[in-house]
Amino acid sequence: MSVLVLAEHAAGALRPATLNTVTAAKALGEVHLLVAGHDCGAVAAAAAKIAGVAKVLQADDPQYAHPLAEAVAPLVAKLAEGYSHVLAPADTFGKNILPRAAGLLDVAQISDVVAIEGPDTFVRPIYAGSAMATVQSSDRIKLITVRLTAFEAASAEGGSAAVEAAAPVEAGAPSEFVGEQLTKLERPELTSARIIVSGGRGMQNGENFKMLETLADKLGAAVGASRAAVDAGFVPNDYQVGQTGKVVAPELYIAIGISGAIQHLAGMKDSKVIVAINKDEEAPIFQVADYGLVADLFQAVPELAAAIEKRG
Amino acid sequence: MKILVAVKRVVDYNVNVRVKADQTGVETANVKMSMNPFDEIAVEEGVRLKEAGVATELVAVSLGGAPCQETIRTALAVGADRGILVQTDAALEPLAVAKLLKKLVEREQPALVLLGKQAIDDDSNQTGQMLAAMLGWPQGTFASKLTIADGKATVVREIDGGLETVAFPLPAVVSSDLRLNTPRYASLPTIMKAKKKPIDVVKPEDLGVDLAPRLKTLKVVEPAKRKGGVKVGDVAELVDKLRNEAKVIP
């Protein structure tokens, strides 16, 4: 059996999500990587170096300059016919394209897989992680998005796969990329940060997030937020950690003014060490925190930042 | 222009979901059910497009058992004009839902299908993309802004690194993300008015769609519980623990 992995890349570089997806794919068979892009030779070359990748298919065409589902899904669907499984990262890239390919192939798609129990049997969270379902697929080709925190990143070096050209396939519907506004990253990215400082409704307003940024910068951390903080308009949606936002698993997660709704816990409970600072000692976040501090965050956070600075 | 909006009846988001003892699923008997929150946002967007004069008719569709009529009434109470229920007690996977919706789209000929990006029960995030694929229509998933002018939709999409803007001609499928709008509450007069709005009930057999599931659920279990740790007295103790016990900060 061989497995096709849809590689995610941007600005001429592979995205780290691809490496975790490759690890999941290795559990299923020989791994082939599809790089769909325009002038994407450098990306294909980088993909060929990933340890455990046997072949890279490079579909190079102007219509793949941006990963529009209308263009990429027909390509994935056509190539899928030669594979037992097609895998993509369970992020906004994979979730946009893979279900569309499944619709074209008339097969189910299995989202957010966290464990592979066999060639047709997979575990995935449902109800925002309140339950884990084990499902068995009867489809001829299994299309799966992979929860990245559940699989280690494959090594980006050590492989020497052959790169083959794949012919482009006509887009299934018209769509045009107009532009993008990427959040300027002054700090590490949420999904790959070693430490995350996250704020909730308890922050009271967006201005107060500056306090978290100060703390984050001392720790070399990323800044996240709960859905409640996003809903209240304190910070943009791409800060959101949780079932409907990003799923993270850093070494240290500091939850500040976050009560710990189930949907937030679903996005961070695999973190190695969790710290909670909240003035409500009954807050559910304390049930998952390794270290809980019942305190007014407006005093505790500056104190914490100062204590870290003293040593650092 | 006609809009079709798909709404799903799910366990209310405030309910603490419990796994059944026999591991066949989660407890849904005697549990509060509501419209999927992402679908509420889709309905609101449809109503706003009607109020702006862009859309002329908003049709709310639900698929499932007879109680889904309530979910459709909820959409009618905030401004949808009429409803269609595809009534079945069969468990429907996203692929089957997309096929049923495709049949309704062929019948109703809307210029736009709106739905939530995912349902908060199975968390699949698939139906809109599958429907768009089957219809050969463009898709604007995870929408945080939708503008329609001159037969063309411009969608601002929530992506991992920020926002992406795409544009495409109608007809098309758009799935809502959290920040698309804030849904309104129905008022008593509109709830009363909604009771008089028609709901058409159809059977999947009438639509000629194969609903056979592709996935078999072998078991549903509770997630591994994370053990709570200790409470610390003050910031100094916290820093000491992080440095010397957990060794996660320098």
# chains A, B, ... in the order shown; residues from 1 in each chain; ligands from 1
$ interface_residues --of "chain A" --to "chain B" --cutoff "6 Å" --atoms "only C-alpha atoms" --output "PyMOL selection string"
chain A and resi 92+99-100+103-104+108+111+126-127+131-138+172-173+175-183+238+287-293+304
$ select_by_dssp --residues "range 14-250 of chain B" --states "strand (DSSP E)" --output "PyMOL selection string"
chain B and resi 33-35+57-64+82-87+112-116+139-149+152-159+162-169+172-176+199-202+215-221+230-232
$ write_last_selection --atoms "C-alpha atoms" --output "short mmCIF file (atom, residue, chain, number, x, y, z; two decimals), in the first residue's frame"
data_model
loop_
_atom_site.label_atom_id
_atom_site.label_comp_id
_atom_site.auth_asym_id
_atom_site.auth_seq_id
_atom_site.Cartn_x
_atom_site.Cartn_y
_atom_site.Cartn_z
CA MET B 33 -30.87 20.17 21.69
CA SER B 34 -30.28 23.40 19.76
CA MET B 35 -29.29 24.67 16.35
CA GLU B 57 -35.83 34.38 -0.47
CA LEU B 58 -34.16 32.39 2.32
CA VAL B 59 -34.98 28.69 2.57
CA ALA B 60 -33.88 26.78 5.69
CA VAL B 61 -33.12 23.08 5.26
CA SER B 62 -32.57 20.48 7.92
CA LEU B 63 -32.00 16.74 7.72
CA GLY B 64 -32.87 14.23 10.40
CA ARG B 82 -39.83 28.70 4.50
CA GLY B 83 -38.37 25.37 5.46
CA ILE B 84 -37.60 21.96 4.01
CA LEU B 85 -37.07 18.93 6.23
CA VAL B 86 -35.50 15.81 4.77
CA GLN B 87 -36.97 13.47 7.33
CA LEU B 112 -25.94 30.59 -2.75
CA VAL B 113 -25.84 27.84 -0.16
CA LEU B 114 -24.85 28.92 3.35
CA LEU B 115 -23.93 26.56 6.15
CA GLY B 116 -21.82 26.41 9.29
CA GLN B 139 -16.47 27.33 -2.15
CA GLY B 140 -15.73 29.99 0.43
CA THR B 141 -15.02 28.09 3.61
CA PHE B 142 -14.45 29.50 7.13
CA ALA B 143 -15.88 32.85 6.04
CA SER B 144 -15.46 35.88 8.29
CA LYS B 145 -16.78 38.35 5.70
CA LEU B 146 -19.05 37.88 2.71
CA THR B 147 -19.75 40.51 0.07
CA ILE B 148 -22.02 39.89 -2.89
CA ALA B 149 -22.17 42.21 -5.89
CA LYS B 152 -19.89 37.61 -7.67
CA ALA B 153 -18.99 36.73 -4.09
CA THR B 154 -15.93 38.00 -2.27
CA VAL B 155 -15.12 36.02 0.84
CA VAL B 156 -12.61 36.80 3.57
CA ARG B 157 -11.55 33.45 5.01
CA GLU B 158 -10.08 32.62 8.41
CA ILE B 159 -6.84 30.74 7.74
CA GLY B 162 -4.44 35.27 9.33
CA LEU B 163 -6.99 36.09 6.63
CA GLU B 164 -7.27 35.19 2.95
CA THR B 165 -9.59 36.82 0.43
CA VAL B 166 -11.01 34.88 -2.51
CA ALA B 167 -13.55 35.86 -5.15
CA PHE B 168 -15.75 33.74 -7.38
CA PRO B 169 -18.90 33.91 -9.48
CA ALA B 172 -21.42 29.02 -4.75
CA VAL B 173 -21.23 27.47 -1.29
CA VAL B 174 -20.08 29.54 1.70
CA SER B 175 -19.42 28.14 5.19
CA SER B 176 -19.43 30.44 8.19
CA ILE B 199 -42.22 23.53 6.14
CA ASP B 200 -42.10 21.03 3.31
CA VAL B 201 -41.29 17.48 4.46
CA VAL B 202 -39.56 15.14 2.01
CA LEU B 215 -17.89 4.46 8.44
CA LYS B 216 -18.71 2.07 11.23
CA THR B 217 -18.28 3.36 14.76
CA LEU B 218 -16.54 0.59 16.68
CA LYS B 219 -16.59 2.37 20.01
CA VAL B 220 -16.90 5.73 21.70
CA VAL B 221 -15.00 6.26 24.92
CA VAL B 230 -1.14 21.38 42.82
CA LYS B 231 -2.13 24.89 43.80
CA VAL B 232 0.76 27.20 44.51
#
$ atom_distance --atom1 "CA of Asp106 in chain A" --atom2 "CA of Ala171 in chain A"
17.5 Å
$ select_by_dssp --residues "range 2-247 of chain A" --states "helix (DSSP H, G or I)" --output "ChimeraX atom specification"
/A:17-26,41-48,62-64,69-80,92-105,127-129,148-150,190-192,201-203,209-219,227-231,237-239
$ atom_distance --atom1 "CA of Gly233 in chain A" --atom2 "CA of Pro37 in chain B"
17.7 Å
$ residues_around --residues "Arg147 in chain A" --least-positions-apart "4" --cutoff "9 Å" --atoms "only C-alpha atoms" --output "PyMOL selection string"
chain A and resi 20-21+89-91+111-115+124+151+247
$ write_last_selection --atoms "N, CA and C atoms" --output "compact mmCIF listing (two decimals), in the first residue's frame"
# COMPACT_ATOMS: atom_id res chain seq x y z
N ASN A 20 4.54 16.39 10.41
CA ASN A 20 3.71 15.57 11.30
C ASN A 20 2.81 14.64 10.49
N THR A 21 2.32 15.14 9.36
CA THR A 21 1.44 14.33 8.53
C THR A 21 2.21 13.16 7.93
N PRO A 89 -2.82 17.61 6.54
CA PRO A 89 -2.90 18.13 7.90
C PRO A 89 -4.31 18.61 8.24
N ALA A 90 -4.74 18.41 9.49
CA ALA A 90 -6.07 18.88 9.91
C ALA A 90 -5.96 20.34 10.35
N ASP A 91 -5.59 21.20 9.40
CA ASP A 91 -5.57 22.64 9.66
C ASP A 91 -6.42 23.29 8.58
N SER A 111 -11.94 13.18 9.73
CA SER A 111 -11.28 14.42 10.16
C SER A 111 -10.56 14.26 11.49
N ASP A 112 -9.43 14.97 11.63
CA ASP A 112 -8.76 15.12 12.92
C ASP A 112 -8.33 13.82 13.56
N VAL A 113 -7.79 12.91 12.76
CA VAL A 113 -7.40 11.60 13.31
C VAL A 113 -6.22 11.77 14.29
N VAL A 114 -6.36 11.15 15.47
CA VAL A 114 -5.30 11.24 16.49
C VAL A 114 -4.56 9.92 16.68
N ALA A 115 -5.12 8.81 16.16
CA ALA A 115 -4.43 7.53 16.27
C ALA A 115 -4.84 6.63 15.12
N ARG A 124 -10.69 9.37 16.45
CA ARG A 124 -10.84 10.82 16.31
C ARG A 124 -11.71 11.39 17.42
N PHE A 151 0.94 13.54 16.35
CA PHE A 151 2.03 12.84 15.67
C PHE A 151 3.29 13.72 15.69
N VAL A 247 -5.21 23.72 17.66
CA VAL A 247 -4.91 22.71 18.67
C VAL A 247 -3.41 22.73 18.90
$ closest_residue --among "A:Val53, A:Val197, A:Val294, A:Met268" --to "Gly158 in chain A" --atoms "only C-alpha atoms"
A:Val53
$ atom_distance --atom1 "CA of Pro183 in chain B" --atom2 "CA of Val78 in chain B"
8.9 Å
$ decode --residues "range 65-97 of chain B" --atoms "N, CA and C atoms" --output "compact mmCIF listing (two decimals), in the first residue's frame"
# COMPACT_ATOMS: atom_id res chain seq x y z
N GLY B 65 -34.44 13.58 12.10
CA GLY B 65 -35.74 13.15 12.63
C GLY B 65 -36.74 14.29 12.69
N ALA B 66 -38.01 13.94 13.02
CA ALA B 66 -39.09 14.93 13.08
C ALA B 66 -38.76 16.15 13.95
N PRO B 67 -38.04 15.98 15.09
CA PRO B 67 -37.76 17.16 15.92
C PRO B 67 -36.92 18.23 15.23
N CYS B 68 -36.31 17.92 14.09
CA CYS B 68 -35.55 18.94 13.34
C CYS B 68 -36.47 20.06 12.87
N GLN B 69 -37.80 19.80 12.89
CA GLN B 69 -38.76 20.87 12.57
C GLN B 69 -38.53 22.06 13.50
N GLU B 70 -38.22 21.77 14.78
CA GLU B 70 -37.97 22.86 15.74
C GLU B 70 -36.79 23.71 15.30
N THR B 71 -35.75 23.03 14.80
CA THR B 71 -34.54 23.74 14.37
C THR B 71 -34.88 24.64 13.18
N ILE B 72 -35.71 24.11 12.29
CA ILE B 72 -36.13 24.92 11.13
C ILE B 72 -36.96 26.10 11.62
N ARG B 73 -37.86 25.86 12.61
CA ARG B 73 -38.68 26.97 13.15
C ARG B 73 -37.79 28.07 13.74
N THR B 74 -36.68 27.66 14.35
CA THR B 74 -35.75 28.64 14.91
C THR B 74 -35.22 29.54 13.79
N ALA B 75 -34.90 28.94 12.65
CA ALA B 75 -34.42 29.73 11.51
C ALA B 75 -35.54 30.61 10.96
N LEU B 76 -36.75 30.07 10.93
CA LEU B 76 -37.89 30.85 10.41
C LEU B 76 -38.17 32.04 11.33
N ALA B 77 -37.93 31.85 12.63
CA ALA B 77 -38.21 32.91 13.60
C ALA B 77 -37.24 34.08 13.49
N VAL B 78 -36.05 33.84 12.95
CA VAL B 78 -35.14 34.98 12.78
C VAL B 78 -35.14 35.53 11.35
N GLY B 79 -35.97 34.95 10.49
CA GLY B 79 -36.11 35.60 9.19
C GLY B 79 -36.11 34.72 7.95
N ALA B 80 -35.90 33.41 8.10
CA ALA B 80 -36.02 32.55 6.91
C ALA B 80 -37.49 32.51 6.49
N ASP B 81 -37.72 32.31 5.17
CA ASP B 81 -39.09 32.41 4.66
C ASP B 81 -39.85 31.09 4.73
N ARG B 82 -39.17 30.01 4.45
CA ARG B 82 -39.83 28.70 4.50
C ARG B 82 -38.79 27.64 4.78
N GLY B 83 -39.29 26.42 5.08
CA GLY B 83 -38.37 25.37 5.46
C GLY B 83 -38.55 24.10 4.64
N ILE B 84 -37.51 23.30 4.59
CA ILE B 84 -37.60 21.96 4.01
C ILE B 84 -36.94 21.00 5.00
N LEU B 85 -37.66 19.96 5.38
CA LEU B 85 -37.07 18.93 6.23
C LEU B 85 -36.94 17.64 5.42
N VAL B 86 -35.71 17.15 5.34
CA VAL B 86 -35.50 15.81 4.77
C VAL B 86 -35.57 14.87 5.97
N GLN B 87 -36.72 14.21 6.09
CA GLN B 87 -36.97 13.47 7.33
C GLN B 87 -36.48 12.02 7.25
N THR B 88 -35.58 11.69 8.18
CA THR B 88 -35.07 10.32 8.25
C THR B 88 -34.53 10.09 9.65
N ASP B 89 -34.65 8.86 10.13
CA ASP B 89 -34.05 8.53 11.43
C ASP B 89 -32.69 7.87 11.25
N ALA B 90 -32.28 7.71 9.99
CA ALA B 90 -30.97 7.11 9.73
C ALA B 90 -29.87 8.08 10.18
N ALA B 91 -28.75 7.52 10.63
CA ALA B 91 -27.60 8.36 10.96
C ALA B 91 -26.98 8.82 9.65
N LEU B 92 -26.78 10.12 9.51
CA LEU B 92 -26.28 10.65 8.24
C LEU B 92 -24.84 11.12 8.38
N GLU B 93 -23.99 10.61 7.51
CA GLU B 93 -22.61 11.10 7.46
C GLU B 93 -22.56 12.32 6.54
N PRO B 94 -21.51 13.15 6.68
CA PRO B 94 -21.42 14.36 5.85
C PRO B 94 -21.58 14.08 4.34
N LEU B 95 -21.03 12.95 3.88
CA LEU B 95 -21.14 12.62 2.45
C LEU B 95 -22.61 12.46 2.04
N ALA B 96 -23.40 11.78 2.87
CA ALA B 96 -24.83 11.58 2.58
C ALA B 96 -25.58 12.91 2.67
N VAL B 97 -25.23 13.73 3.65
CA VAL B 97 -25.87 15.05 3.79
C VAL B 97 -25.60 15.89 2.54
